[in-house]
Structures are given as structure tokens and as C-alpha cells.
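As stored in data.pdb (PDB, C-alpha atoms and all ligand atoms):
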ATOM      1  CA  MET P 109     121.216  57.446   5.993  1.00  0.00           C
ATOM      2  CA  SER P 110     121.116  59.881   8.904  1.00  0.00           C
ATOM      3  CA  GLY P 111     118.092  62.079   8.385  1.00  0.00           C
ATOM      4  CA  LEU P 112     117.465  64.348   5.458  1.00  0.00           C
ATOM      5  CA  SER P 113     119.475  67.334   4.296  1.00  0.00           C
ATOM      6  CA  LYS P 114     117.977  70.757   4.963  1.00  0.00           C
ATOM      7  CA  LYS P 115     117.040  71.113   1.293  1.00  0.00           C
ATOM      8  CA  ARG P 116     115.266  67.756   1.034  1.00  0.00           C
ATOM      9  CA  ARG P 117     113.549  68.430   4.328  1.00  0.00           C
ATOM     10  CA  ALA P 118     112.265  71.801   3.072  1.00  0.00           C
ATOM     11  CA  LYS P 119     110.999  70.141  -0.103  1.00  0.00           C
ATOM     12  CA  LEU P 120     109.186  67.450   1.844  1.00  0.00           C
ATOM     13  CA  GLN P 121     107.691  70.079   4.148  1.00  0.00           C
ATOM     14  CA  GLN P 122     106.423  72.009   1.127  1.00  0.00           C
ATOM     15  CA  LYS P 123     104.799  68.906  -0.333  1.00  0.00           C
ATOM     16  CA  LEU P 124     103.177  68.209   3.003  1.00  0.00           C
ATOM     17  CA  ASP P 125     101.780  71.732   3.252  1.00  0.00           C
ATOM     18  CA  GLU P 126     100.389  71.658  -0.284  1.00  0.00           C
ATOM     19  CA  ASP P 127      98.744  68.276  -0.232  1.00  0.00           C
ATOM     20  CA  TYR P 128      96.034  67.958   2.354  1.00  0.00           C
ATOM     21  CA  GLY P 129      95.181  64.365   1.405  1.00  0.00           C
ATOM     22  CA  TYR P 130      98.692  63.464   2.384  1.00  0.00           C
ATOM     23  CA  ARG P 131      97.693  63.967   5.983  1.00  0.00           C
ATOM     24  CA  GLN P 132      95.206  61.123   6.046  1.00  0.00           C
ATOM     25  CA  TYR P 133      96.327  58.276   8.217  1.00  0.00           C
ATOM     26  CA  ALA P 134      94.890  55.671  10.531  1.00  0.00           C
ATOM     27  CA  ASP P 135      95.901  54.879  14.093  1.00  0.00           C
ATOM     28  CA  ARG P 136      95.692  51.177  13.393  1.00  0.00           C
ATOM     29  CA  ASP P 137      98.658  51.495  11.015  1.00  0.00           C
ATOM     30  CA  VAL P 138     101.053  51.526  13.965  1.00  0.00           C
ATOM     31  CA  GLU P 139     101.213  49.844  17.355  1.00  0.00           C
ATOM     32  CA  VAL P 140     103.173  50.394  20.540  1.00  0.00           C
ATOM     33  CA  ARG P 141     105.207  47.386  21.638  1.00  0.00           C
ATOM     34  CA  GLU P 142     107.341  46.916  24.696  1.00  0.00           C
ATOM     35  CA  GLY P 143     110.846  45.746  23.922  1.00  0.00           C
ATOM     36  CA  ALA P 144     114.110  45.304  25.796  1.00  0.00           C
ATOM     37  CA  CYS P 145     114.774  49.058  25.706  1.00  0.00           C
ATOM     38  CA  GLY P 146     111.277  50.180  26.696  1.00  0.00           C
ATOM     39  CA  HIS P 147     108.392  51.112  24.462  1.00  0.00           C
ATOM     40  CA  GLY P 148     108.674  51.524  20.714  1.00  0.00           C
ATOM     41  CA  VAL P 149     106.316  52.247  17.834  1.00  0.00           C
ATOM     42  CA  HIS P 150     106.082  49.575  15.155  1.00  0.00           C
ATOM     43  CA  ALA P 151     104.563  49.603  11.684  1.00  0.00           C
ATOM     44  CA  VAL P 152     101.558  47.337  11.197  1.00  0.00           C
ATOM     45  CA  ARG P 153     101.533  47.819   7.427  1.00  0.00           C
ATOM     46  CA  GLN P 154     104.075  48.843   4.827  1.00  0.00           C
ATOM     47  CA  PHE P 155     104.908  52.549   4.441  1.00  0.00           C
ATOM     48  CA  LEU P 156     106.434  53.986   1.298  1.00  0.00           C
ATOM     49  CA  PRO P 157     109.039  56.772   1.226  1.00  0.00           C
ATOM     50  CA  GLY P 158     107.338  60.160   1.637  1.00  0.00           C
ATOM     51  CA  GLU P 159     104.237  58.709   3.245  1.00  0.00           C
ATOM     52  CA  LEU P 160     102.817  60.109   6.477  1.00  0.00           C
ATOM     53  CA  VAL P 161     103.110  57.397   9.122  1.00  0.00           C
ATOM     54  CA  ILE P 162     101.471  59.174  12.067  1.00  0.00           C
ATOM     55  CA  GLU P 163     100.285  62.585  13.022  1.00  0.00           C
ATOM     56  CA  ILE P 164     101.569  63.454  16.477  1.00  0.00           C
ATOM     57  CA  CYS P 165      99.214  65.548  18.564  1.00  0.00           C
ATOM     58  CA  GLY P 166      99.743  66.919  22.016  1.00  0.00           C
ATOM     59  CA  GLN P 167     100.097  70.075  24.009  1.00  0.00           C
ATOM     60  CA  VAL P 168     101.704  73.076  22.325  1.00  0.00           C
ATOM     61  CA  LEU P 169     103.855  75.023  24.781  1.00  0.00           C
ATOM     62  CA  SER P 170     105.914  78.184  24.543  1.00  0.00           C
ATOM     63  CA  GLN P 171     109.660  77.563  24.667  1.00  0.00           C
ATOM     64  CA  LYS P 172     110.020  80.706  26.777  1.00  0.00           C
ATOM     65  CA  LYS P 173     107.874  79.286  29.553  1.00  0.00           C
ATOM     66  CA  TYR P 174     108.606  75.580  29.362  1.00  0.00           C
ATOM     67  CA  ASP P 175     111.789  73.528  29.698  1.00  0.00           C
ATOM     68  CA  GLY P 176     110.289  70.391  28.200  1.00  0.00           C
ATOM     69  CA  SER P 177     110.336  66.735  29.173  1.00  0.00           C
ATOM     70  CA  THR P 178     112.426  63.993  27.562  1.00  0.00           C
ATOM     71  CA  TYR P 179     109.567  63.447  25.129  1.00  0.00           C
ATOM     72  CA  VAL P 180     109.208  67.057  24.016  1.00  0.00           C
ATOM     73  CA  MET P 181     109.512  67.888  20.311  1.00  0.00           C
ATOM     74  CA  GLU P 182     110.630  71.199  18.871  1.00  0.00           C
ATOM     75  CA  MET P 183     107.999  72.524  16.456  1.00  0.00           C
ATOM     76  CA  ASP P 184     109.874  75.682  15.496  1.00  0.00           C
ATOM     77  CA  ASP P 185     111.935  78.386  17.215  1.00  0.00           C
ATOM     78  CA  GLU P 186     109.038  79.384  19.447  1.00  0.00           C
ATOM     79  CA  TRP P 187     106.980  76.311  20.257  1.00  0.00           C
ATOM     80  CA  TYR P 188     107.356  72.834  21.740  1.00  0.00           C
ATOM     81  CA  LEU P 189     104.965  69.947  21.323  1.00  0.00           C
ATOM     82  CA  GLU P 190     104.540  67.669  24.320  1.00  0.00           C
ATOM     83  CA  PRO P 191     103.389  64.585  22.437  1.00  0.00           C
ATOM     84  CA  THR P 192     100.694  62.109  23.384  1.00  0.00           C
ATOM     85  CA  ILE P 193     100.969  58.342  22.814  1.00  0.00           C
ATOM     86  CA  PRO P 194     102.000  56.822  20.418  1.00  0.00           C
ATOM     87  CA  GLY P 195     104.159  59.796  19.396  1.00  0.00           C
ATOM     88  CA  ALA P 196     105.863  59.935  22.790  1.00  0.00           C
ATOM     89  CA  TYR P 197     107.110  56.366  22.368  1.00  0.00           C
ATOM     90  CA  LEU P 198     108.984  56.938  19.105  1.00  0.00           C
ATOM     91  CA  ASN P 199     112.618  56.021  19.637  1.00  0.00           C
ATOM     92  CA  HIS P 200     115.754  57.663  18.303  1.00  0.00           C
ATOM     93  CA  SER P 201     118.036  56.043  15.752  1.00  0.00           C
ATOM     94  CA  CYS P 202     121.238  57.302  14.126  1.00  0.00           C
ATOM     95  CA  ASN P 203     120.032  55.418  11.040  1.00  0.00           C
ATOM     96  CA  PRO P 204     116.311  56.306  11.086  1.00  0.00           C
ATOM     97  CA  ASN P 205     113.543  55.244   8.715  1.00  0.00           C
ATOM     98  CA  ALA P 206     111.414  58.344   9.301  1.00  0.00           C
ATOM     99  CA  GLU P 207     111.722  62.098   9.716  1.00  0.00           C
ATOM    100  CA  LEU P 208     109.896  64.465  12.074  1.00  0.00           C
ATOM    101  CA  LEU P 209     108.283  67.496  10.434  1.00  0.00           C
ATOM    102  CA  LYS P 210     105.792  70.166  11.450  1.00  0.00           C
ATOM    103  CA  LEU P 211     102.373  69.169  10.091  1.00  0.00           C
ATOM    104  CA  THR P 212      99.879  71.751  11.317  1.00  0.00           C
ATOM    105  CA  ASP P 213     100.065  74.598  13.849  1.00  0.00           C
ATOM    106  CA  SER P 214      99.355  72.081  16.580  1.00  0.00           C
ATOM    107  CA  SER P 215     100.800  68.798  15.361  1.00  0.00           C
ATOM    108  CA  MET P 216     103.922  67.135  14.010  1.00  0.00           C
ATOM    109  CA  GLY P 217     104.142  64.401  11.396  1.00  0.00           C
ATOM    110  CA  ILE P 218     106.346  61.326  11.128  1.00  0.00           C
ATOM    111  CA  ILE P 219     107.166  60.787   7.450  1.00  0.00           C
ATOM    112  CA  ALA P 220     108.734  57.613   6.055  1.00  0.00           C
ATOM    113  CA  ILE P 221     112.096  58.350   4.389  1.00  0.00           C
ATOM    114  CA  CYS P 222     112.558  54.810   3.094  1.00  0.00           C
ATOM    115  CA  ASN P 223     110.471  51.690   2.629  1.00  0.00           C
ATOM    116  CA  ILE P 224     109.202  50.574   6.046  1.00  0.00           C
ATOM    117  CA  GLU P 225     108.174  46.917   6.253  1.00  0.00           C
ATOM    118  CA  PRO P 226     105.353  45.742   8.536  1.00  0.00           C
ATOM    119  CA  GLY P 227     106.680  44.870  11.984  1.00  0.00           C
ATOM    120  CA  SER P 228     109.720  47.130  11.855  1.00  0.00           C
ATOM    121  CA  GLU P 229     110.224  49.804  14.472  1.00  0.00           C
ATOM    122  CA  ILE P 230     109.657  53.397  13.371  1.00  0.00           C
ATOM    123  CA  THR P 231     112.492  55.680  14.412  1.00  0.00           C
ATOM    124  CA  PHE P 232     113.683  59.188  13.716  1.00  0.00           C
ATOM    125  CA  ASP P 233     116.838  61.146  14.450  1.00  0.00           C
ATOM    126  CA  TYR P 234     116.197  63.218  17.612  1.00  0.00           C
ATOM    127  CA  GLN P 235     119.060  65.578  16.688  1.00  0.00           C
ATOM    128  CA  TRP P 236     119.418  66.762  20.273  1.00  0.00           C
ATOM    129  CA  THR P 237     122.044  69.354  21.063  1.00  0.00           C
ATOM    130  CA  ALA P 238     124.980  68.381  23.258  1.00  0.00           C
ATOM    131  CA  GLY P 239     124.601  68.480  27.040  1.00  0.00           C
ATOM    132  CA  ASP P 240     125.816  66.591  30.089  1.00  0.00           C
ATOM    133  CA  TRP P 241     122.368  64.966  30.461  1.00  0.00           C
ATOM    134  CA  VAL P 242     122.382  63.410  26.971  1.00  0.00           C
ATOM    135  CA  PRO P 243     122.196  59.591  27.162  1.00  0.00           C
ATOM    136  CA  ARG P 244     124.383  57.102  25.293  1.00  0.00           C
ATOM    137  CA  CYS P 245     122.706  55.859  22.133  1.00  0.00           C
ATOM    138  CA  GLN P 246     121.714  52.230  21.951  1.00  0.00           C
ATOM    139  CA  CYS P 247     120.271  52.220  18.436  1.00  0.00           C
ATOM    140  CA  GLY P 248     122.759  49.595  17.256  1.00  0.00           C
ATOM    141  CA  ALA P 249     123.143  51.118  13.782  1.00  0.00           C
ATOM    142  CA  PRO P 250     126.546  50.609  12.100  1.00  0.00           C
ATOM    143  CA  ASN P 251     126.852  54.405  11.863  1.00  0.00           C
ATOM    144  CA  CYS P 252     125.736  55.002  15.480  1.00  0.00           C
ATOM    145  CA  ARG P 253     127.131  58.288  16.809  1.00  0.00           C
ATOM    146  CA  GLY P 254     127.379  56.941  20.375  1.00  0.00           C
ATOM    147  CA  TRP P 255     125.135  59.553  21.981  1.00  0.00           C
ATOM    148  CA  VAL P 256     121.620  60.725  21.247  1.00  0.00           C
ATOM    149  CA  VAL P 257     122.783  63.979  19.632  1.00  0.00           C
ATOM    150  CA  GLY P 258     122.609  65.463  16.148  1.00  0.00           C
ATOM    151  CA  ALA P 259     125.596  65.068  13.839  1.00  0.00           C
ATOM    152  CA  ASP P 260     126.239  68.820  14.245  1.00  0.00           C
ATOM    153  CA  SER P 261     126.607  68.435  18.011  1.00  0.00           C
ATOM    154  CA  LEU P 262     128.761  65.328  18.097  1.00  0.00           C
ATOM    155  CA  GLU P 263     132.103  67.087  18.554  1.00  0.00           C
ATOM    156  CA  GLU P 264     130.704  69.191  21.369  1.00  0.00           C
ATOM    157  CA  MET P 265     129.244  66.065  22.974  1.00  0.00           C
ATOM    158  CA  LYS P 266     132.621  64.323  22.873  1.00  0.00           C
ATOM    159  CA  GLU P 267     134.101  67.282  24.739  1.00  0.00           C
ATOM    160  CA  PHE P 268     131.363  67.038  27.386  1.00  0.00           C
ATOM    161  CA  ALA P 269     132.037  63.346  27.813  1.00  0.00           C
ATOM    162  CA  LYS P 270     135.776  63.930  28.172  1.00  0.00           C
ATOM    163  CA  GLU P 271     135.212  66.585  30.838  1.00  0.00           C
ATOM    164  CA  GLN P 272     132.879  64.315  32.763  1.00  0.00           C
ATOM    165  CA  LYS P 273     135.365  61.462  32.674  1.00  0.00           C
ATOM    166  CA  GLN P 274     138.062  63.737  34.071  1.00  0.00           C
ATOM    167  CA  LYS P 275     135.722  65.004  36.772  1.00  0.00           C
ATOM    168  CA  SER P 276     134.850  61.497  37.924  1.00  0.00           C
ATOM    169  CA  LYS P 277     138.555  60.553  37.959  1.00  0.00           C
ATOM    170  CA  ARG P 278     139.303  63.504  40.206  1.00  0.00           C
ATOM    171  CA  LYS P 279     136.669  62.367  42.690  1.00  0.00           C
ATOM    172  CA  LYS P 280     138.365  58.954  43.067  1.00  0.00           C
TER     173      LYS P 280
HETATM  174 ZN    ZN P 301     122.817  55.537  17.586  1.00  0.00          ZN
END
Written as C-alpha cells, that's how I'd like the structure from this file.
Amino acid sequence: MSGLSKKRRAKLQQKLDEDYGYRQYADRDVEVREGACGHGVHAVRQFLPGELVIEICGQVLSQKKYDGSTYVMEMDDEWYLEPTIPGAYLNHSCNPNAELLKLTDSSMGIIAICNIEPGSEITFDYQWTAGDWVPRCQCGAPNCRGWVVGADSLEEMKEFAKEQKQKSKRKK
């Protein structure tokens, strides 16, 4: 599993928009834990596929005026969400158990895409675009792409990495 297809995503978004009760959640359902690779968000109870795990609130900023931090989330083509905790501590995985969707005009939602057992870390696919600043991925999934980039950007990312390797060779 590596995130949802566009069609399934659109369907899930539609369900989310229609069903207000769907948005109910409690903060105590998740907790932030510090692990070997920094902070992560863990489930305290079980979540079923399609269930809202957390609503992520924060500051909504115009993409035209703001470059974004490493935590920033893209709400749509125009707006970023600079998330508060615990949202900011959600880690990337190439084999995620949740998906990030727009929930309201000022918040994003993390939706379970498979059964999430209590204690497991909640992750989603960041789907970053390729760039020379993109870090290596340490998610440990068997299908790990190697960098924290979307599947669409992987080829481009490999090119970036090749160029950088050549550059560093030239310096030596
Ligand atoms: Zn990975």
C-alpha cells in the first residue's frame, strides 16, 4: 500500500464532506512518543479503515507569501497549513496506515486507510516533490522508495541524487 489512488481519495473526501459526525474525534485517542528517529504520533486505541484519527489545526498561510517549514502541509493549490502538535509530529512512511485530506477550510484530517492497532505509529505518505533538500527515507518499509518523495517524483529524485554525487566527487 502506498497511499490511495486519486479516485479513492476523491471518494473518501466526498464522504468526509457529507458526514459531519465523521469529524468527531478525541485528542486522547493519540499520543506523541519520542523514538529513535524523533517524535512520532501513536494510536492509543484501535482505528478502523475510513475513520478520522485526528483533525490537524494550525495556521493557514498563502502559498504565494510563504515558503513553508518542514512541517507544512499543502491544503490545496493556494493554501498551506502550518500544523500544531500533534499533527506536526506525524512521520512519513512509504507504506502508510493513514492518508492526509482537507477537512475544513482551516484544518486537515488524518484518515485511517487500514486497521490501526493500539500502540502503532500513525504515518502518512508526505508525497513531497523532488529537490536537493529532500532527506533519505528511514521508514523501513519493504517498499521504501529511499527518499521522502512521492512515487511520481522518484525518477526526478534519483537524477538529483546522481548529480549531487557527481558534484561531491568533483570537489575531492
Ligand atoms: Zn520509505
Quick one: which residues end up in the PyMOL selection byres (((not hetatm)) within 7 of (chain P and resi 301)) for this structure, as number ranges by chain? P: 201-202, 245-249, 252-256
Coordinates-based distance that separates atom CA of P:Lys115 from atom CA of P:Glu190 (Å, one decimal): 26.4 Å
What are the centre and the three edge lengths of an axis-aligned box that wraps all atoms of stretch 148-159 of chain P in the file, given that 8 Å is added to every side, written as JSON and rounded to one decimal in Å?
{"center_x": 105.3, "center_y": 53.7, "center_z": 11.0, "size_x": 23.5, "size_y": 28.8, "size_z": 35.5}
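The nearest approach to P:Tyr179 among the residues P:Tyr234, P:Gly258, P:Ile221, P:Glu271, with all atoms listed in the file taken into account, belongs to P:Tyr234.
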With the file shown as input, list the residues that the PyMOL selection byres (((chain P and resi 222-227) around 6) and not hetatm) selects, as number ranges by chain. P: 150-157, 205, 220-221, 228
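Among the candidates P:Val149, P:Val257, P:Ile230, P:Ala144, the residue lying nearest to P:Pro243 is P:Val257 (atoms considered: all atoms listed in the file).
Every protein or nucleic acid residue with an atom no more than 8 Å from P:Ile164, counting all atoms listed in the file and leaving out same-chain residues fewer than 4 positions away, appears here: Pro191, Thr192, Pro194, Gly195, Ser215, Met216, Gly217 and Ile218 of chain P.
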Decode the PyMOL selection byres (((chain P and resi 186) around 7) and not hetatm) for the given file into explicit residues and return them as a list in words. Ser170, Gln171, Asp184, Asp185 and Trp187 of chain P
Quick one, how far is atom CA of P:Met183 from atom CA of P:Glu207? 13.0 Å
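Among the candidates P:Asn199, P:Thr178, P:Ser261, P:Gln122, the residue lying nearest to P:Val140 is P:Asn199 (atoms considered: all atoms listed in the file).
As for atom CA of P:Phe232 and atom CA of P:Lys270, they are spaced 26.8 Å apart.
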Between P:Val161, P:Val168, P:Leu189, P:Ala259, single out the one closest to P:Leu112, counting all atoms listed in the file. P:Ala259
How about completing stretch 233-248 of chain P with N, CA, C and O atoms and giving it to me as a PDB file, keeping the file's coordinate frame?
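Output contents, as saved in result-v6.pdb:
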ATOM      1  N   ASP P 233     115.615  60.607  13.859  1.00  0.00           N
ATOM      2  CA  ASP P 233     116.838  61.146  14.450  1.00  0.00           C
ATOM      3  C   ASP P 233     116.458  62.321  15.346  1.00  0.00           C
ATOM      4  O   ASP P 233     116.029  63.364  14.855  1.00  0.00           O
ATOM      5  N   TYR P 234     116.611  62.158  16.662  1.00  0.00           N
ATOM      6  CA  TYR P 234     116.197  63.218  17.612  1.00  0.00           C
ATOM      7  C   TYR P 234     116.962  64.527  17.381  1.00  0.00           C
ATOM      8  O   TYR P 234     116.440  65.597  17.650  1.00  0.00           O
ATOM      9  N   GLN P 235     118.214  64.400  16.934  1.00  0.00           N
ATOM     10  CA  GLN P 235     119.060  65.578  16.688  1.00  0.00           C
ATOM     11  C   GLN P 235     119.130  66.507  17.882  1.00  0.00           C
ATOM     12  O   GLN P 235     119.057  67.730  17.747  1.00  0.00           O
ATOM     13  N   TRP P 236     119.283  65.949  19.073  1.00  0.00           N
ATOM     14  CA  TRP P 236     119.418  66.762  20.273  1.00  0.00           C
ATOM     15  C   TRP P 236     120.736  67.516  20.230  1.00  0.00           C
ATOM     16  O   TRP P 236     121.711  67.069  19.614  1.00  0.00           O
ATOM     17  N   THR P 237     120.786  68.627  20.937  1.00  0.00           N
ATOM     18  CA  THR P 237     122.044  69.354  21.063  1.00  0.00           C
ATOM     19  C   THR P 237     122.817  68.756  22.247  1.00  0.00           C
ATOM     20  O   THR P 237     122.237  68.129  23.122  1.00  0.00           O
ATOM     21  N   ALA P 238     124.119  68.981  22.246  1.00  0.00           N
ATOM     22  CA  ALA P 238     124.980  68.381  23.258  1.00  0.00           C
ATOM     23  C   ALA P 238     124.669  68.921  24.648  1.00  0.00           C
ATOM     24  O   ALA P 238     124.303  70.076  24.817  1.00  0.00           O
ATOM     25  N   GLY P 239     124.806  68.079  25.648  1.00  0.00           N
ATOM     26  CA  GLY P 239     124.601  68.480  27.040  1.00  0.00           C
ATOM     27  C   GLY P 239     125.024  67.341  27.943  1.00  0.00           C
ATOM     28  O   GLY P 239     125.101  66.197  27.494  1.00  0.00           O
ATOM     29  N   ASP P 240     125.307  67.658  29.223  1.00  0.00           N
ATOM     30  CA  ASP P 240     125.816  66.591  30.089  1.00  0.00           C
ATOM     31  C   ASP P 240     124.733  65.586  30.482  1.00  0.00           C
ATOM     32  O   ASP P 240     125.013  64.567  31.091  1.00  0.00           O
ATOM     33  N   TRP P 241     123.478  65.872  30.141  1.00  0.00           N
ATOM     34  CA  TRP P 241     122.368  64.966  30.461  1.00  0.00           C
ATOM     35  C   TRP P 241     122.057  64.008  29.306  1.00  0.00           C
ATOM     36  O   TRP P 241     121.223  63.125  29.435  1.00  0.00           O
ATOM     37  N   VAL P 242     122.711  64.207  28.160  1.00  0.00           N
ATOM     38  CA  VAL P 242     122.382  63.410  26.971  1.00  0.00           C
ATOM     39  C   VAL P 242     122.791  61.947  27.161  1.00  0.00           C
ATOM     40  O   VAL P 242     123.933  61.665  27.527  1.00  0.00           O
ATOM     41  N   PRO P 243     121.867  61.010  26.946  1.00  0.00           N
ATOM     42  CA  PRO P 243     122.196  59.591  27.162  1.00  0.00           C
ATOM     43  C   PRO P 243     123.012  58.985  26.026  1.00  0.00           C
ATOM     44  O   PRO P 243     123.002  59.504  24.913  1.00  0.00           O
ATOM     45  N   ARG P 244     123.705  57.886  26.322  1.00  0.00           N
ATOM     46  CA  ARG P 244     124.383  57.102  25.293  1.00  0.00           C
ATOM     47  C   ARG P 244     123.324  56.532  24.367  1.00  0.00           C
ATOM     48  O   ARG P 244     122.217  56.235  24.790  1.00  0.00           O
ATOM     49  N   CYS P 245     123.660  56.409  23.100  1.00  0.00           N
ATOM     50  CA  CYS P 245     122.706  55.859  22.133  1.00  0.00           C
ATOM     51  C   CYS P 245     122.835  54.344  22.087  1.00  0.00           C
ATOM     52  O   CYS P 245     123.931  53.812  22.136  1.00  0.00           O
ATOM     53  N   GLN P 246     121.695  53.693  22.018  1.00  0.00           N
ATOM     54  CA  GLN P 246     121.714  52.230  21.951  1.00  0.00           C
ATOM     55  C   GLN P 246     120.997  51.741  20.699  1.00  0.00           C
ATOM     56  O   GLN P 246     120.380  50.686  20.694  1.00  0.00           O
ATOM     57  N   CYS P 247     121.049  52.563  19.629  1.00  0.00           N
ATOM     58  CA  CYS P 247     120.271  52.220  18.436  1.00  0.00           C
ATOM     59  C   CYS P 247     120.868  51.017  17.691  1.00  0.00           C
ATOM     60  O   CYS P 247     120.169  50.324  16.970  1.00  0.00           O
ATOM     61  N   GLY P 248     122.161  50.775  17.876  1.00  0.00           N
ATOM     62  CA  GLY P 248     122.759  49.595  17.256  1.00  0.00           C
ATOM     63  C   GLY P 248     123.062  49.732  15.774  1.00  0.00           C
ATOM     64  O   GLY P 248     123.489  48.764  15.147  1.00  0.00           O
TER      65      GLY P 248
END
